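Visitor: protein_5.pdb is reproduced below (PDB, C-alpha atoms and all ligand atoms).
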```
ATOM      1  CA  MET A   1     -39.655  30.673  -0.707
ATOM      2  CA  THR A   2     -37.848  27.985   1.266
ATOM      3  CA  ALA A   3     -38.478  27.951   4.969
ATOM      4  CA  ARG A   4     -35.515  28.550   7.295
ATOM      5  CA  PRO A   5     -33.655  25.363   8.196
ATOM      6  CA  LEU A   6     -34.867  23.802  11.428
ATOM      7  CA  ILE A   7     -33.234  21.298  13.762
ATOM      8  CA  TYR A   8     -35.381  18.796  15.639
ATOM      9  CA  ALA A   9     -33.208  17.176  18.299
ATOM     10  CA  ALA A  10     -34.306  14.138  20.308
ATOM     11  CA  ASN A  11     -32.665  13.695  23.710
ATOM     12  CA  TRP A  12     -33.446  10.157  24.801
ATOM     13  CA  LYS A  13     -31.639  10.533  28.132
ATOM     14  CA  MET A  14     -31.382   7.157  29.940
ATOM     15  CA  ASN A  15     -33.998   5.467  27.746
ATOM     16  CA  LEU A  16     -33.938   3.109  24.736
ATOM     17  CA  GLY A  17     -31.094   0.597  24.890
ATOM     18  CA  PRO A  18     -29.828  -0.982  21.643
ATOM     19  CA  GLN A  19     -32.819  -3.276  21.068
ATOM     20  CA  ASP A  20     -35.455  -0.650  21.777
ATOM     21  CA  ALA A  21     -33.496   1.908  19.762
ATOM     22  CA  ALA A  22     -33.400  -0.414  16.741
ATOM     23  CA  ALA A  23     -37.156  -1.034  17.005
ATOM     24  CA  PHE A  24     -37.777   2.732  17.348
ATOM     25  CA  LEU A  25     -35.757   3.471  14.199
ATOM     26  CA  ASP A  26     -37.452   0.726  12.177
ATOM     27  CA  ARG A  27     -40.786   2.308  12.847
ATOM     28  CA  PHE A  28     -39.670   5.950  12.660
ATOM     29  CA  LEU A  29     -37.914   5.546   9.302
ATOM     30  CA  GLU A  30     -40.984   3.855   7.913
ATOM     31  CA  LEU A  31     -43.126   6.814   8.973
ATOM     32  CA  THR A  32     -40.909   9.676   7.804
ATOM     33  CA  ALA A  33     -39.182  10.930   4.675
ATOM     34  CA  PRO A  34     -36.414  13.550   4.500
ATOM     35  CA  GLN A  35     -37.700  17.119   4.398
ATOM     36  CA  PRO A  36     -35.525  19.779   2.777
ATOM     37  CA  ASP A  37     -36.006  22.376   5.526
ATOM     38  CA  ARG A  38     -35.247  20.243   8.576
ATOM     39  CA  SER A  39     -32.621  17.998  10.034
ATOM     40  CA  LEU A  40     -33.253  15.483  12.752
ATOM     41  CA  TRP A  41     -30.704  14.863  15.479
ATOM     42  CA  PHE A  42     -30.845  11.849  17.790
ATOM     43  CA  PHE A  43     -29.040  11.653  21.110
ATOM     44  CA  PRO A  44     -29.375   8.038  22.249
ATOM     45  CA  PRO A  45     -27.591   6.668  25.325
ATOM     46  CA  ALA A  46     -23.948   5.848  24.529
ATOM     47  CA  VAL A  47     -24.585   2.095  24.345
ATOM     48  CA  SER A  48     -27.146   2.644  21.558
ATOM     49  CA  LEU A  49     -25.074   5.105  19.503
ATOM     50  CA  ALA A  50     -23.674   2.575  17.023
ATOM     51  CA  THR A  51     -27.084   0.935  16.533
ATOM     52  CA  VAL A  52     -28.768   4.252  15.772
ATOM     53  CA  ALA A  53     -25.917   5.466  13.546
ATOM     54  CA  HIS A  54     -26.146   2.256  11.543
ATOM     55  CA  ALA A  55     -29.935   2.458  11.185
ATOM     56  CA  VAL A  56     -29.939   6.057   9.911
ATOM     57  CA  ARG A  57     -27.106   5.632   7.407
ATOM     58  CA  PRO A  58     -29.514   5.851   4.414
ATOM     59  CA  ARG A  59     -30.908   9.149   5.763
ATOM     60  CA  PRO A  60     -28.536  12.106   5.332
ATOM     61  CA  ASP A  61     -31.105  14.353   7.033
ATOM     62  CA  ILE A  62     -30.537  12.486  10.305
ATOM     63  CA  LEU A  63     -27.490  12.975  12.535
ATOM     64  CA  VAL A  64     -26.590  10.996  15.617
ATOM     65  CA  GLY A  65     -24.891  12.360  18.699
ATOM     66  CA  ALA A  66     -23.565  11.493  22.142
ATOM     67  CA  GLN A  67     -25.315  12.902  25.215
ATOM     68  CA  ASN A  68     -22.018  13.655  26.907
ATOM     69  CA  VAL A  69     -18.266  13.188  26.358
ATOM     70  CA  HIS A  70     -15.045  13.775  28.268
ATOM     71  CA  TRP A  71     -12.623  16.360  26.925
ATOM     72  CA  GLU A  72      -9.609  14.029  27.193
ATOM     73  CA  PRO A  73      -9.132  11.569  24.303
ATOM     74  CA  LYS A  74      -8.424   8.606  26.617
ATOM     75  CA  GLY A  75      -7.337   7.688  30.097
ATOM     76  CA  ALA A  76      -8.413   6.681  33.586
ATOM     77  CA  PHE A  77     -11.907   8.211  33.621
ATOM     78  CA  THR A  78     -14.228   5.403  34.692
ATOM     79  CA  GLY A  79     -17.721   5.709  33.264
ATOM     80  CA  GLU A  80     -16.859   8.399  30.710
ATOM     81  CA  ILE A  81     -16.687   8.170  26.932
ATOM     82  CA  SER A  82     -14.193  10.063  24.799
ATOM     83  CA  ILE A  83     -14.860  12.080  21.650
ATOM     84  CA  PRO A  84     -12.902   9.651  19.400
ATOM     85  CA  MET A  85     -14.968   6.756  20.807
ATOM     86  CA  ALA A  86     -18.233   8.575  20.177
ATOM     87  CA  GLN A  87     -17.012   9.410  16.677
ATOM     88  CA  GLU A  88     -16.078   5.789  16.010
ATOM     89  CA  ALA A  89     -19.587   4.750  17.058
ATOM     90  CA  GLY A  90     -21.023   7.178  14.493
ATOM     91  CA  ALA A  91     -21.536  10.429  16.400
ATOM     92  CA  GLU A  92     -21.371  13.638  14.394
ATOM     93  CA  VAL A  93     -22.793  15.883  17.086
ATOM     94  CA  VAL A  94     -22.499  16.046  20.879
ATOM     95  CA  LEU A  95     -24.923  17.359  23.479
ATOM     96  CA  ILE A  96     -23.026  19.341  26.095
ATOM     97  CA  GLY A  97     -24.026  20.875  29.409
ATOM     98  CA  HIS A  98     -27.572  19.572  29.547
ATOM     99  CA  SER A  99     -29.152  20.791  32.779
ATOM    100  CA  GLU A 100     -29.281  17.242  34.125
ATOM    101  CA  ARG A 101     -25.510  17.026  33.667
ATOM    102  CA  ARG A 102     -25.092  20.400  35.344
ATOM    103  CA  HIS A 103     -27.521  19.965  38.220
ATOM    104  CA  LEU A 104     -27.489  16.215  38.941
ATOM    105  CA  PHE A 105     -23.843  15.524  38.126
ATOM    106  CA  GLY A 106     -22.228  18.808  39.069
ATOM    107  CA  GLU A 107     -20.899  19.770  35.632
ATOM    108  CA  THR A 108     -19.527  23.309  35.765
ATOM    109  CA  ASP A 109     -19.617  26.149  33.222
ATOM    110  CA  ASP A 110     -15.885  25.667  32.810
ATOM    111  CA  GLN A 111     -16.174  21.926  32.085
ATOM    112  CA  VAL A 112     -18.921  22.666  29.558
ATOM    113  CA  ALA A 113     -16.570  25.069  27.789
ATOM    114  CA  ARG A 114     -13.682  22.554  27.817
ATOM    115  CA  LYS A 115     -15.894  19.857  26.332
ATOM    116  CA  THR A 116     -17.210  22.245  23.692
ATOM    117  CA  ALA A 117     -13.713  23.275  22.619
ATOM    118  CA  ALA A 118     -12.606  19.624  22.447
ATOM    119  CA  VAL A 119     -15.641  18.623  20.377
ATOM    120  CA  LEU A 120     -15.015  21.452  17.918
ATOM    121  CA  LYS A 121     -11.334  20.543  17.673
ATOM    122  CA  ALA A 122     -12.307  16.975  16.763
ATOM    123  CA  GLY A 123     -14.512  18.279  13.941
ATOM    124  CA  LEU A 124     -17.869  17.413  15.506
ATOM    125  CA  ARG A 125     -20.673  19.872  16.192
ATOM    126  CA  PRO A 126     -21.520  20.698  19.798
ATOM    127  CA  LEU A 127     -25.082  21.431  20.918
ATOM    128  CA  VAL A 128     -24.542  23.388  24.113
ATOM    129  CA  CYS A 129     -27.380  23.841  26.607
ATOM    130  CA  VAL A 130     -27.942  26.859  28.810
ATOM    131  CA  GLY A 131     -30.871  27.763  31.032
ATOM    132  CA  GLU A 132     -31.974  29.125  34.379
ATOM    133  CA  THR A 133     -33.696  27.406  37.308
ATOM    134  CA  LEU A 134     -37.103  28.491  38.578
ATOM    135  CA  ALA A 135     -35.553  30.246  41.591
ATOM    136  CA  GLU A 136     -33.206  32.127  39.272
ATOM    137  CA  ARG A 137     -36.070  33.183  36.985
ATOM    138  CA  GLU A 138     -38.281  34.237  39.868
ATOM    139  CA  GLY A 139     -35.382  36.124  41.387
ATOM    140  CA  GLY A 140     -34.986  38.100  38.142
ATOM    141  CA  ARG A 141     -31.602  36.530  37.440
ATOM    142  CA  THR A 142     -32.307  34.794  34.092
ATOM    143  CA  GLU A 143     -30.131  37.173  32.086
ATOM    144  CA  GLN A 144     -27.283  37.041  34.574
ATOM    145  CA  VAL A 145     -27.295  33.207  34.627
ATOM    146  CA  ILE A 146     -27.341  32.844  30.843
ATOM    147  CA  LEU A 147     -24.491  35.335  30.495
ATOM    148  CA  ARG A 148     -22.501  33.532  33.209
ATOM    149  CA  GLN A 149     -22.969  30.218  31.391
ATOM    150  CA  LEU A 150     -21.873  31.734  28.058
ATOM    151  CA  GLU A 151     -18.809  33.502  29.430
ATOM    152  CA  PRO A 152     -16.331  30.555  29.623
ATOM    153  CA  LEU A 153     -17.520  29.429  26.183
ATOM    154  CA  LEU A 154     -16.731  32.829  24.762
ATOM    155  CA  ASP A 155     -13.285  32.607  26.340
ATOM    156  CA  LYS A 156     -12.476  29.112  25.071
ATOM    157  CA  VAL A 157     -14.111  29.003  21.627
ATOM    158  CA  ALA A 158     -12.522  31.083  18.859
ATOM    159  CA  SER A 159     -14.997  33.366  17.114
ATOM    160  CA  ALA A 160     -14.434  31.575  13.786
ATOM    161  CA  ASP A 161     -15.594  28.296  15.370
ATOM    162  CA  TRP A 162     -18.905  29.628  16.619
ATOM    163  CA  GLY A 163     -20.410  29.014  13.191
ATOM    164  CA  ARG A 164     -20.325  25.265  13.916
ATOM    165  CA  LEU A 165     -21.907  25.578  17.339
ATOM    166  CA  VAL A 166     -25.567  25.172  18.162
ATOM    167  CA  VAL A 167     -27.005  26.511  21.416
ATOM    168  CA  ALA A 168     -30.121  25.188  23.147
ATOM    169  CA  TYR A 169     -31.986  27.399  25.572
ATOM    170  CA  GLU A 170     -33.582  25.038  28.059
ATOM    171  CA  PRO A 171     -35.072  26.655  31.155
ATOM    172  CA  VAL A 172     -34.594  24.072  33.912
ATOM    173  CA  TRP A 173     -38.130  24.614  35.243
ATOM    174  CA  ALA A 174     -39.586  23.642  31.855
ATOM    175  CA  ILE A 175     -37.728  20.332  31.460
ATOM    176  CA  GLY A 176     -39.970  17.320  31.952
ATOM    177  CA  THR A 177     -42.568  19.409  33.777
ATOM    178  CA  GLY A 178     -45.186  19.853  31.060
ATOM    179  CA  LYS A 179     -44.778  23.607  31.536
ATOM    180  CA  ASN A 180     -43.029  25.073  28.492
ATOM    181  CA  ALA A 181     -41.709  28.611  28.251
ATOM    182  CA  THR A 182     -44.048  30.830  26.266
ATOM    183  CA  PRO A 183     -42.891  31.577  22.719
ATOM    184  CA  ASP A 184     -42.300  35.192  23.841
ATOM    185  CA  ASP A 185     -40.180  34.212  26.840
ATOM    186  CA  ALA A 186     -38.127  31.795  24.754
ATOM    187  CA  ALA A 187     -37.664  34.355  21.957
ATOM    188  CA  GLN A 188     -36.499  36.954  24.475
ATOM    189  CA  VAL A 189     -33.728  34.697  25.817
ATOM    190  CA  HIS A 190     -32.707  33.678  22.289
ATOM    191  CA  GLU A 191     -32.306  37.366  21.493
ATOM    192  CA  LEU A 192     -30.283  37.859  24.645
ATOM    193  CA  ILE A 193     -27.928  35.044  23.618
ATOM    194  CA  ARG A 194     -27.465  36.560  20.154
ATOM    195  CA  PHE A 195     -26.878  39.967  21.680
ATOM    196  CA  ALA A 196     -24.294  38.610  24.147
ATOM    197  CA  LEU A 197     -22.403  36.850  21.341
ATOM    198  CA  GLY A 198     -22.554  39.918  19.113
ATOM    199  CA  ARG A 199     -21.065  42.053  21.871
ATOM    200  CA  ARG A 200     -18.029  39.766  21.858
ATOM    201  CA  GLY A 201     -17.644  39.883  18.076
ATOM    202  CA  VAL A 202     -19.306  36.510  17.432
ATOM    203  CA  SER A 203     -21.906  36.342  14.694
ATOM    204  CA  GLY A 204     -25.266  35.604  16.266
ATOM    205  CA  ARG A 205     -26.366  33.678  13.203
ATOM    206  CA  LEU A 206     -25.815  30.273  14.791
ATOM    207  CA  PRO A 207     -28.887  28.092  15.338
ATOM    208  CA  ILE A 208     -30.505  28.442  18.765
ATOM    209  CA  LEU A 209     -32.977  25.733  19.765
ATOM    210  CA  TYR A 210     -35.578  25.852  22.497
ATOM    211  CA  GLY A 211     -36.101  22.901  24.832
ATOM    212  CA  GLY A 212     -38.371  22.158  27.772
ATOM    213  CA  SER A 213     -41.714  20.343  27.526
ATOM    214  CA  VAL A 214     -41.934  20.710  23.752
ATOM    215  CA  SER A 215     -44.801  18.614  22.385
ATOM    216  CA  ALA A 216     -46.863  18.180  19.222
ATOM    217  CA  LYS A 217     -49.321  20.612  20.827
ATOM    218  CA  ASN A 218     -46.957  23.547  21.328
ATOM    219  CA  VAL A 219     -44.187  23.087  18.755
ATOM    220  CA  LEU A 220     -45.807  25.147  15.986
ATOM    221  CA  ALA A 221     -46.503  28.086  18.300
ATOM    222  CA  LEU A 222     -42.883  28.006  19.480
ATOM    223  CA  LEU A 223     -41.417  27.713  15.986
ATOM    224  CA  ALA A 224     -43.664  30.506  14.750
ATOM    225  CA  ARG A 225     -41.123  32.791  16.427
ATOM    226  CA  PRO A 226     -38.265  33.429  13.986
ATOM    227  CA  GLU A 227     -35.803  33.635  16.910
ATOM    228  CA  LEU A 228     -36.141  29.849  17.327
ATOM    229  CA  ASP A 229     -34.256  27.592  14.919
ATOM    230  CA  GLY A 230     -35.548  24.305  16.216
ATOM    231  CA  VAL A 231     -36.323  22.331  19.325
ATOM    232  CA  LEU A 232     -34.604  19.937  21.732
ATOM    233  CA  VAL A 233     -37.085  17.380  22.967
ATOM    234  CA  GLY A 234     -36.953  14.751  25.711
ATOM    235  CA  GLY A 235     -40.195  13.015  26.682
ATOM    236  CA  ALA A 236     -42.021  13.598  23.390
ATOM    237  CA  SER A 237     -39.174  12.004  21.397
ATOM    238  CA  LEU A 238     -39.384   8.566  23.012
ATOM    239  CA  ASP A 239     -42.266   7.184  20.992
ATOM    240  CA  PRO A 240     -41.635   6.741  17.244
ATOM    241  CA  ASP A 241     -45.186   7.566  16.180
ATOM    242  CA  GLY A 242     -45.374  10.681  18.347
ATOM    243  CA  TRP A 243     -41.914  11.884  17.321
ATOM    244  CA  ALA A 244     -42.649  11.291  13.624
ATOM    245  CA  GLU A 245     -45.814  13.344  13.989
ATOM    246  CA  LEU A 246     -44.022  16.185  15.786
ATOM    247  CA  VAL A 247     -41.160  16.487  13.283
ATOM    248  CA  GLY A 248     -43.600  16.400  10.374
ATOM    249  CA  LEU A 249     -45.916  19.176  11.555
ATOM    250  CA  GLU A 250     -46.184  22.155   9.234
ATOM    251  CA  ALA A 251     -47.486  25.585  10.048
ATOM    252  CA  ALA A 252     -50.611  26.476   8.095
ATOM    253  CA  PRO A 253     -49.610  28.696   5.120
TER
HETATM  254  P1  LIG A 301     -38.483  17.421  27.912
HETATM  255  O1  LIG A 301     -36.880  17.416  28.010
HETATM  256  O2  LIG A 301     -38.835  17.628  26.475
HETATM  257  O3  LIG A 301     -38.906  16.061  28.428
HETATM  258  O4  LIG A 301     -38.966  18.539  28.772
HETATM  259  C1  LIG A 301     -36.107  18.281  27.247
HETATM  260  C2  LIG A 301     -34.659  18.066  27.529
HETATM  261  O5  LIG A 301     -34.313  17.742  28.677
HETATM  262  O6  LIG A 301     -33.784  18.216  26.638
END
```
Would you kindly transcribe this structure into structure tokens?
Guide:
Amino acid sequence: MTARPLIYAANWKMNLGPQDAAAFLDRFLELTAPQPDRSLWFFPPAVSLATVAHAVRPRPDILVGAQNVHWEPKGAFTGEISIPMAQEAGAEVVLIGHSERRHLFGETDDQVARKTAAVLKAGLRPLVCVGETLAEREGGRTEQVILRQLEPLLDKVASADWGRLVVAYEPVWAIGTGKNATPDDAAQVHELIRFALGRRGVSGRLPILYGGSVSAKNVLALLARPELDGVLVGGASLDPDGWAELVGLEAAP
């Protein structure tokens, strides 16, 4: 029996410029071989996109993506990159609505939905992040927050397009804190997302990744839950040896 397909996504955030990215890939490609049940997605900073895309060209199991894009194709938007530019640099996927974009840079649910629709229209795959803060979780508002974040997406993305979307559940309190959600907690929110999509006539069969302090120590326990289709990883994806180990781990038969 083949295992379900898994996505291992590396979010490098503001780390690894072109030179470091090239050195990372040299080492990582040496350490890994394609595996039929998993694809590896890299989100380098925009300035390293072309370098990474070039390095992974011989590896069809690896996709490269932008960490953020603007929804307009061009114009007076200092500091932003457009979808056609990201595409030209080799991006096939785009990370959208990461909690750092939402909380540090004020990105709204509506902007996340606009970006997602634009990315889909351009033929790329969006990886859209949702997740609650600690105060929201402790206040019993996790479900309400996730549903609020999904709502504009459900309005702007046609149900036929949802098949190309990937969602990442990343509780804000778990990101970069060393405190991951338990497999049960993560699975529960993944179910909620599928339920919310189903209620609006969208097939819940899209991949849903978990992110937030994923490491080589906890990844197998998380992925043991069938509700999880992969992981989105920050800190543990920055070292080629560590990341190669994590993406190669297999559950004991
Ligand atoms: P982390 O980050 O793995 O360092 O917690 C995850 C993310 O922000 O996507």
Visitor: Rank A:Met14, A:Val119, A:Val157, A:Ala53 by their smallest atom-to-atom distance to ligand LIG 301 (chain A), using all atoms listed in the file, and report the top residue only.
Guide: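 Ranked by minimum distance to ligand LIG 301 (chain A), first place goes to A:Met14.
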Visitor: Report as a list in words all protein, DNA and RNA residues lying within 10 Å of A:Pro207, evaluated on all atoms listed in the file, omitting residues in the same chain fewer than 3 positions from it.
Guide: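 Final neighbour list, sorted by chain and number: Pro5, Leu6, Ile7, Leu127, Gly163, Arg164, Leu165, Val166, Val167, Ala168, His190, Arg194, Gly204, Glu227, Leu228, Asp229 and Gly230 of chain A.
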Visitor: Residues picked by the PyMOL selection byres (((chain A and resi 91) around 12) and not hetatm) here, as number ranges by chain?
Guide: A: 41-54, 56-57, 62-69, 81-90, 92-95, 119, 122-126
Visitor: Restricting it to C-alpha atoms, dump the selection as a PDB file, keeping the file's coordinate frame.
Guide:
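As written to disk, out33.pdb reads:
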```pdb
ATOM      1  CA  TRP A  41     -30.704  14.863  15.479  1.00  0.00           C
ATOM      2  CA  PHE A  42     -30.845  11.849  17.790  1.00  0.00           C
ATOM      3  CA  PHE A  43     -29.040  11.653  21.110  1.00  0.00           C
ATOM      4  CA  PRO A  44     -29.375   8.038  22.249  1.00  0.00           C
ATOM      5  CA  PRO A  45     -27.591   6.668  25.325  1.00  0.00           C
ATOM      6  CA  ALA A  46     -23.948   5.848  24.529  1.00  0.00           C
ATOM      7  CA  VAL A  47     -24.585   2.095  24.345  1.00  0.00           C
ATOM      8  CA  SER A  48     -27.146   2.644  21.558  1.00  0.00           C
ATOM      9  CA  LEU A  49     -25.074   5.105  19.503  1.00  0.00           C
ATOM     10  CA  ALA A  50     -23.674   2.575  17.023  1.00  0.00           C
ATOM     11  CA  THR A  51     -27.084   0.935  16.533  1.00  0.00           C
ATOM     12  CA  VAL A  52     -28.768   4.252  15.772  1.00  0.00           C
ATOM     13  CA  ALA A  53     -25.917   5.466  13.546  1.00  0.00           C
ATOM     14  CA  HIS A  54     -26.146   2.256  11.543  1.00  0.00           C
ATOM     15  CA  VAL A  56     -29.939   6.057   9.911  1.00  0.00           C
ATOM     16  CA  ARG A  57     -27.106   5.632   7.407  1.00  0.00           C
ATOM     17  CA  ILE A  62     -30.537  12.486  10.305  1.00  0.00           C
ATOM     18  CA  LEU A  63     -27.490  12.975  12.535  1.00  0.00           C
ATOM     19  CA  VAL A  64     -26.590  10.996  15.617  1.00  0.00           C
ATOM     20  CA  GLY A  65     -24.891  12.360  18.699  1.00  0.00           C
ATOM     21  CA  ALA A  66     -23.565  11.493  22.142  1.00  0.00           C
ATOM     22  CA  GLN A  67     -25.315  12.902  25.215  1.00  0.00           C
ATOM     23  CA  ASN A  68     -22.018  13.655  26.907  1.00  0.00           C
ATOM     24  CA  VAL A  69     -18.266  13.188  26.358  1.00  0.00           C
ATOM     25  CA  ILE A  81     -16.687   8.170  26.932  1.00  0.00           C
ATOM     26  CA  SER A  82     -14.193  10.063  24.799  1.00  0.00           C
ATOM     27  CA  ILE A  83     -14.860  12.080  21.650  1.00  0.00           C
ATOM     28  CA  PRO A  84     -12.902   9.651  19.400  1.00  0.00           C
ATOM     29  CA  MET A  85     -14.968   6.756  20.807  1.00  0.00           C
ATOM     30  CA  ALA A  86     -18.233   8.575  20.177  1.00  0.00           C
ATOM     31  CA  GLN A  87     -17.012   9.410  16.677  1.00  0.00           C
ATOM     32  CA  GLU A  88     -16.078   5.789  16.010  1.00  0.00           C
ATOM     33  CA  ALA A  89     -19.587   4.750  17.058  1.00  0.00           C
ATOM     34  CA  GLY A  90     -21.023   7.178  14.493  1.00  0.00           C
ATOM     35  CA  GLU A  92     -21.371  13.638  14.394  1.00  0.00           C
ATOM     36  CA  VAL A  93     -22.793  15.883  17.086  1.00  0.00           C
ATOM     37  CA  VAL A  94     -22.499  16.046  20.879  1.00  0.00           C
ATOM     38  CA  LEU A  95     -24.923  17.359  23.479  1.00  0.00           C
ATOM     39  CA  VAL A 119     -15.641  18.623  20.377  1.00  0.00           C
ATOM     40  CA  ALA A 122     -12.307  16.975  16.763  1.00  0.00           C
ATOM     41  CA  GLY A 123     -14.512  18.279  13.941  1.00  0.00           C
ATOM     42  CA  LEU A 124     -17.869  17.413  15.506  1.00  0.00           C
ATOM     43  CA  ARG A 125     -20.673  19.872  16.192  1.00  0.00           C
ATOM     44  CA  PRO A 126     -21.520  20.698  19.798  1.00  0.00           C
TER      45      PRO A 126
END
```
Visitor: On this structure, the PyMOL selection byres (((not hetatm)) within 8 of (chain A and resi 301)) would catch which residues? List them as a PDB file with C-alpha atoms, in the frame of the given file, sorted by chain and number.
Guide:
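What landed in expr_18.pdb:
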```
ATOM      1  CA  ALA A  10     -34.306  14.138  20.308  1.00  0.00           C
ATOM      2  CA  ASN A  11     -32.665  13.695  23.710  1.00  0.00           C
ATOM      3  CA  LYS A  13     -31.639  10.533  28.132  1.00  0.00           C
ATOM      4  CA  HIS A  98     -27.572  19.572  29.547  1.00  0.00           C
ATOM      5  CA  SER A  99     -29.152  20.791  32.779  1.00  0.00           C
ATOM      6  CA  GLU A 100     -29.281  17.242  34.125  1.00  0.00           C
ATOM      7  CA  GLU A 170     -33.582  25.038  28.059  1.00  0.00           C
ATOM      8  CA  ALA A 174     -39.586  23.642  31.855  1.00  0.00           C
ATOM      9  CA  ILE A 175     -37.728  20.332  31.460  1.00  0.00           C
ATOM     10  CA  GLY A 176     -39.970  17.320  31.952  1.00  0.00           C
ATOM     11  CA  THR A 177     -42.568  19.409  33.777  1.00  0.00           C
ATOM     12  CA  GLY A 178     -45.186  19.853  31.060  1.00  0.00           C
ATOM     13  CA  ASN A 180     -43.029  25.073  28.492  1.00  0.00           C
ATOM     14  CA  GLY A 211     -36.101  22.901  24.832  1.00  0.00           C
ATOM     15  CA  GLY A 212     -38.371  22.158  27.772  1.00  0.00           C
ATOM     16  CA  SER A 213     -41.714  20.343  27.526  1.00  0.00           C
ATOM     17  CA  VAL A 214     -41.934  20.710  23.752  1.00  0.00           C
ATOM     18  CA  SER A 215     -44.801  18.614  22.385  1.00  0.00           C
ATOM     19  CA  LEU A 232     -34.604  19.937  21.732  1.00  0.00           C
ATOM     20  CA  VAL A 233     -37.085  17.380  22.967  1.00  0.00           C
ATOM     21  CA  GLY A 234     -36.953  14.751  25.711  1.00  0.00           C
ATOM     22  CA  GLY A 235     -40.195  13.015  26.682  1.00  0.00           C
ATOM     23  CA  ALA A 236     -42.021  13.598  23.390  1.00  0.00           C
ATOM     24  CA  SER A 237     -39.174  12.004  21.397  1.00  0.00           C
TER      25      SER A 237
END
```
Visitor: Could you check the closest approach to A:Glu30 for each of A:Ile96, A:Leu104, A:Leu206, A:Ala55 and tell me which residue wins, using all atoms listed in the file?
Guide: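 Closest to A:Glu30 of all the choices is A:Ala55.
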Visitor: Which residue out of A:Val172, A:Leu249, A:Ala244, A:Ala187 has the minimum interatomic distance to A:Leu29 when only C-alpha atoms are used?
Guide: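 Closest candidate: A:Ala244.
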Visitor: One decimal, Å: what's the distance from atom CA of A:Pro226 over to atom CA of A:Arg4, could you say?
Guide: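 Straight-line distance from atom CA of A:Pro226 to atom CA of A:Arg4 works out to 8.7 Å.
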Visitor: Kindly give the distance, in Å, that separates atom CA of A:Val247 and atom CA of A:Tyr8, rounded to a single decimal.
Guide: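 One can read the atom CA of A:Val247 to atom CA of A:Tyr8 distance as 6.7 Å.
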Visitor: Counting all atoms listed in the file, which of A:Arg148, A:Arg27, A:Arg205, A:Lys179 gets nearest to A:Asn218?
Guide: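 Of all the options, A:Lys179 lies closest to A:Asn218.
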